[in-house]
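Contents: one structure, followed by commentary.
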Amino acid sequence: MSLREMLQGPGITLAPGVHDALTALIAEQAGARAAYLSGAAIAYTRFGRPDIGLVSMAEVADTIAAIRDRVDLPLIVDADNGYGNALNVQRTMRAFERAGAAAIQLEDQTLPKRCGHLDGKTLVSPQEMAGKIRAAVDARAETLVIGRTDAIAVEGFDRALERAELIVEAGADVLFVEAPQSVDQLRTIVERFGDRVPLMANMVEGGKTPLQDTKGLEEMGFSLVIFPGGIVRALARTAQDYYGNLVATGSNDGFRDRMHDFAGLNAVLGTDAMLALGKTYDGGGA
């Protein structure tokens, strides 16, 4: 099923955050129907840096291609602010679509952007953002366009809704109002836009939005929910425990019940199946 079909159908689509082919593979094995490639998660894991606009368009495109070479999940891709003006947005759309994105998410922050749950964001004008959405729609073949506004933290909730109106009018396939600060704000977004366009919610542990589970968001009227950085927070906590134990004890003995052994990891990766496939091409066919 395509992402568009998922969003047009009943229920809500859950898209776990991923940052590379391994996390995407494990999400797919767990039963996820879609995945969200987080720009923040790429910054965290590839560079060990915060989400403050350090990741380039080419680096994200390379990551999309690596993931799509391994899994078939529809991939929703964080395209930040399109890496420039409307013409940059069109180049980003074409590059990400060629690499295998099912949807790209564009936001109304200026350069350099920062995580939607950090303070100190600045915004482009509503008209510039609407132009970027139109540019993305014009450049795409099939990829969905998710329009995001970060205006709640900068201009207040009412102004964020006004910006959201322009994003919808410009042709966004999905609307994402980032970082609502209460359940009432979540419900108001649904009341105003839920019968016009699919709505996306973002759940960030320790962020500005009260955490809701997928069922609760579905009951409110959201069509898509992402958990973009949860996997990195889980991996970082596990890595702290792992390296702390190894350095302190000089052995992995005390950690073995929390890690795969060599055979277990190869089972996750499908090593035997890949080696068997390779043998079918060995030796002697005409």
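Chain identifiers are assigned as A, B, and so on, following the order in which chains appear in the structure tokens; residues are numbered from 1 within each chain, and ligands are numbered from 1 in order of appearance.
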
Hey, what does DSSP flag as alpha helix (DSSP H) within range 225-266 of chain A? Can you give it to me as a ChimeraX atom specification? /A:230-249,262-266

Each range 4-32 of chain A residue no farther than 12 Å from range 200-211 of chain A, nearest pair in Å, only C-alpha atoms, as JSON lines:
{"residue": "A:Leu7", "atom": "CA", "partner": "A:Met200", "partner_atom": "CA", "distance": 10.0}
{"residue": "A:Ile12", "atom": "CA", "partner": "A:Met200", "partner_atom": "CA", "distance": 9.5}
{"residue": "A:Thr13", "atom": "CA", "partner": "A:Met200", "partner_atom": "CA", "distance": 9.3}
{"residue": "A:Leu14", "atom": "CA", "partner": "A:Ala201", "partner_atom": "CA", "distance": 9.9}
{"residue": "A:Ala15", "atom": "CA", "partner": "A:Asn202", "partner_atom": "CA", "distance": 9.9}
{"residue": "A:Pro16", "atom": "CA", "partner": "A:Met203", "partner_atom": "CA", "distance": 10.2}
{"residue": "A:Gly17", "atom": "CA", "partner": "A:Met203", "partner_atom": "CA", "distance": 10.4}

Counting only C-alpha atoms, the residue of A:Gly100, A:Gly131, A:Gly156, A:Pro50 that sits nearest Cys115 in chain A: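 Looking at the shortest contact to Cys115 in chain A, the residue is A:Pro50.
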
From the list A:His117, A:Thr45, A:Leu166, A:Leu277, which residue is nearest Ala239 in chain A when using only C-alpha atoms?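 Result for the nearest residue to Ala239 in chain A: A:Thr45.
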
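You will find CA of Ala79 in chain A at 7.4 Å from CA of Gly39 in chain A.
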
Who sits within 10 Å of range 218-234 of chain A, only C-alpha atoms, same chain under 3 positions skipped, as a PyMOL selection string: chain A and resi 6-19+23+27+34-42+44-45+76+78+174-176+183+186-191+193-195+197-205+212-215+237-239

Considering only C-alpha atoms, state which residue in the set A:Ala21, A:Leu3, A:Ile167, A:Leu75 is at the smallest distance from Ala135 in chain A.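 Of A:Ala21, A:Leu3, A:Ile167, A:Leu75, the one nearest Ala135 in chain A is A:Ile167, counting only C-alpha atoms.
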
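Reported to one decimal place, the separation of CA of Leu22 in chain A from CA of Thr143 in chain A is 23.5 Å.
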
Identify, with DSSP run on backbone atoms, the residues in range 17-169 of chain A assigned to strand (DSSP E), and express the list as number ranges by chain. A: 17-18, 35-37, 75-78, 103-107, 144-149

Written selection (all heavy atoms) as a short mmCIF file (atom, residue, chain, number, x, y, z; two decimals), in the first residue's frame:
data_model
loop_
_atom_site.label_atom_id
_atom_site.label_comp_id
_atom_site.auth_asym_id
_atom_site.auth_seq_id
_atom_site.Cartn_x
_atom_site.Cartn_y
_atom_site.Cartn_z
N GLY A 17 10.75 6.72 13.80
CA GLY A 17 11.93 7.39 13.29
C GLY A 17 13.06 6.41 13.02
O GLY A 17 13.28 5.46 13.79
N VAL A 18 13.78 6.65 11.92
CA VAL A 18 14.96 5.86 11.58
C VAL A 18 16.06 6.82 11.15
O VAL A 18 15.79 7.97 10.82
CB VAL A 18 14.67 4.84 10.45
CG1 VAL A 18 13.54 3.90 10.85
CG2 VAL A 18 14.31 5.55 9.14
N ALA A 35 8.11 4.59 7.61
CA ALA A 35 9.20 5.06 8.47
C ALA A 35 9.45 6.53 8.21
O ALA A 35 9.14 7.04 7.12
CB ALA A 35 10.47 4.25 8.24
N TYR A 36 10.00 7.20 9.21
CA TYR A 36 10.30 8.63 9.12
C TYR A 36 11.80 8.82 9.24
O TYR A 36 12.40 8.49 10.27
CB TYR A 36 9.57 9.37 10.24
CG TYR A 36 9.82 10.86 10.24
CD1 TYR A 36 9.07 11.71 9.42
CD2 TYR A 36 10.80 11.43 11.06
CE1 TYR A 36 9.30 13.08 9.41
CE2 TYR A 36 11.02 12.80 11.06
CZ TYR A 36 10.27 13.62 10.24
OH TYR A 36 10.49 14.97 10.22
N LEU A 37 12.42 9.36 8.19
CA LEU A 37 13.85 9.65 8.22
C LEU A 37 14.05 11.04 8.80
O LEU A 37 13.73 12.06 8.16
CB LEU A 37 14.46 9.56 6.82
CG LEU A 37 15.94 9.92 6.72
CD1 LEU A 37 16.78 9.05 7.64
CD2 LEU A 37 16.42 9.81 5.28
N LEU A 75 8.89 5.85 2.83
CA LEU A 75 9.81 6.63 3.64
C LEU A 75 9.42 8.10 3.60
O LEU A 75 9.40 8.73 2.54
CB LEU A 75 11.24 6.45 3.11
CG LEU A 75 12.38 6.94 4.00
CD1 LEU A 75 12.38 6.22 5.34
CD2 LEU A 75 13.72 6.74 3.28
N ILE A 76 9.07 8.63 4.77
CA ILE A 76 8.77 10.06 4.94
C ILE A 76 10.07 10.74 5.33
O ILE A 76 10.72 10.33 6.29
CB ILE A 76 7.70 10.26 6.02
CG1 ILE A 76 6.43 9.48 5.67
CG2 ILE A 76 7.40 11.74 6.22
CD1 ILE A 76 5.53 9.25 6.86
N VAL A 77 10.45 11.79 4.61
CA VAL A 77 11.78 12.36 4.77
C VAL A 77 11.69 13.81 5.25
O VAL A 77 10.99 14.63 4.66
CB VAL A 77 12.57 12.30 3.45
CG1 VAL A 77 13.95 12.94 3.62
CG2 VAL A 77 12.71 10.86 2.97
N ASP A 78 12.42 14.09 6.29
CA ASP A 78 12.57 15.44 6.81
C ASP A 78 13.47 16.24 5.87
O ASP A 78 14.67 15.97 5.79
CB ASP A 78 13.16 15.36 8.21
CG ASP A 78 13.37 16.71 8.87
OD1 ASP A 78 13.00 17.72 8.27
OD2 ASP A 78 13.92 16.74 9.99
N ALA A 103 7.43 10.81 0.76
CA ALA A 103 6.95 12.13 1.15
C ALA A 103 8.12 12.94 1.65
O ALA A 103 9.07 12.39 2.22
CB ALA A 103 5.87 12.04 2.24
N ILE A 104 8.07 14.26 1.44
CA ILE A 104 9.06 15.14 2.06
C ILE A 104 8.32 16.16 2.93
O ILE A 104 7.22 16.59 2.60
CB ILE A 104 9.97 15.85 1.04
CG1 ILE A 104 9.23 16.92 0.25
CG2 ILE A 104 10.63 14.85 0.11
CD1 ILE A 104 10.16 17.87 -0.50
N GLN A 105 8.95 16.51 4.02
CA GLN A 105 8.39 17.47 4.97
C GLN A 105 9.17 18.77 4.87
O GLN A 105 10.39 18.79 4.99
CB GLN A 105 8.48 16.91 6.38
CG GLN A 105 8.12 17.88 7.48
CD GLN A 105 8.65 17.43 8.81
OE1 GLN A 105 8.31 16.35 9.28
NE2 GLN A 105 9.53 18.22 9.41
N LEU A 106 8.46 19.87 4.63
CA LEU A 106 9.07 21.20 4.51
C LEU A 106 8.56 22.10 5.62
O LEU A 106 7.36 22.12 5.91
CB LEU A 106 8.73 21.82 3.15
CG LEU A 106 9.32 21.14 1.92
CD1 LEU A 106 8.65 21.67 0.66
CD2 LEU A 106 10.82 21.35 1.86
N GLU A 107 9.45 22.87 6.22
CA GLU A 107 9.08 23.74 7.33
C GLU A 107 9.33 25.20 6.97
O GLU A 107 10.04 25.51 6.01
CB GLU A 107 9.88 23.36 8.57
CG GLU A 107 11.36 23.59 8.41
CD GLU A 107 12.19 22.84 9.43
OE1 GLU A 107 11.88 21.67 9.74
OE2 GLU A 107 13.18 23.41 9.91
N LEU A 144 4.58 12.88 -1.89
CA LEU A 144 3.69 13.75 -1.13
C LEU A 144 4.47 14.90 -0.50
O LEU A 144 5.66 14.78 -0.20
CB LEU A 144 3.00 12.96 -0.02
CG LEU A 144 2.14 11.77 -0.45
CD1 LEU A 144 1.47 11.14 0.77
CD2 LEU A 144 1.08 12.19 -1.47
N VAL A 145 3.79 16.02 -0.29
CA VAL A 145 4.37 17.20 0.33
C VAL A 145 3.70 17.42 1.68
O VAL A 145 2.47 17.59 1.75
CB VAL A 145 4.20 18.45 -0.55
CG1 VAL A 145 4.76 19.68 0.16
CG2 VAL A 145 4.89 18.25 -1.90
N ILE A 146 4.49 17.38 2.74
CA ILE A 146 4.01 17.67 4.09
C ILE A 146 4.46 19.08 4.45
O ILE A 146 5.65 19.38 4.48
CB ILE A 146 4.57 16.66 5.12
CG1 ILE A 146 4.14 15.23 4.73
CG2 ILE A 146 4.11 17.02 6.53
CD1 ILE A 146 4.77 14.16 5.59
N GLY A 147 3.50 19.97 4.69
CA GLY A 147 3.80 21.34 5.05
C GLY A 147 3.78 21.53 6.55
O GLY A 147 2.80 21.20 7.22
N ARG A 148 4.87 22.06 7.09
CA ARG A 148 5.03 22.22 8.54
C ARG A 148 5.21 23.70 8.89
O ARG A 148 5.97 24.40 8.23
CB ARG A 148 6.24 21.41 9.01
CG ARG A 148 6.80 21.82 10.38
CD ARG A 148 7.97 20.94 10.75
NE ARG A 148 8.86 21.58 11.71
CZ ARG A 148 9.94 21.01 12.23
NH1 ARG A 148 10.25 19.76 11.88
NH2 ARG A 148 10.71 21.65 13.09
N THR A 149 4.53 24.14 9.94
CA THR A 149 4.80 25.45 10.50
C THR A 149 5.31 25.32 11.92
O THR A 149 4.79 24.54 12.73
CB THR A 149 3.57 26.37 10.47
OG1 THR A 149 3.93 27.63 11.06
CG2 THR A 149 2.38 25.77 11.21
#

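Each of A:His260, A:Asp62, A:Phe157, A:Ala102 was compared to Glu142 in chain A using only C-alpha atoms, and A:Ala102 turns out to be the nearest.
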
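Using only C-alpha atoms, the smallest distance between any of A:Leu275, A:Met57, A:Ala65, A:Leu235 and Gly84 in chain A comes from A:Met57.
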
So the first atom is CA of Val71 in chain A and the second is CA of Asp282 in chain A; what is the distance between them in Å, to one decimal place? 25.0 Å

Within 12 Å of range 51-56 of chain A, which residues of range 74-163 of chain A come that close, and what is the closest atom pair and distance in Å for each? Count only C-alpha atoms and give it as a tab-separated table.
residue	atom	partner	partner_atom	distance
A:Asp78	CA	A:Val55	CA	10.8
A:Ala79	CA	A:Ser56	CA	9.5
A:Asp80	CA	A:Gly53	CA	8.0
A:Asn81	CA	A:Gly53	CA	9.4
A:Gly82	CA	A:Ser56	CA	9.9
A:Tyr83	CA	A:Ser56	CA	7.5
A:Gly84	CA	A:Ser56	CA	10.9
A:Asn88	CA	A:Ser56	CA	12.0
A:Thr92	CA	A:Ser56	CA	10.4
A:Gln109	CA	A:Gly53	CA	10.3
A:Thr110	CA	A:Gly53	CA	9.8
A:Leu111	CA	A:Gly53	CA	7.3
A:Pro112	CA	A:Gly53	CA	5.1
A:Lys113	CA	A:Gly53	CA	4.9
A:Arg114	CA	A:Ile52	CA	4.0
A:Cys115	CA	A:Asp51	CA	5.3
A:Gly116	CA	A:Asp51	CA	9.1
A:His117	CA	A:Asp51	CA	10.0
A:Leu118	CA	A:Asp51	CA	8.9
A:Asp119	CA	A:Ile52	CA	11.0
A:Gly120	CA	A:Ile52	CA	10.6
A:Lys121	CA	A:Ile52	CA	9.9
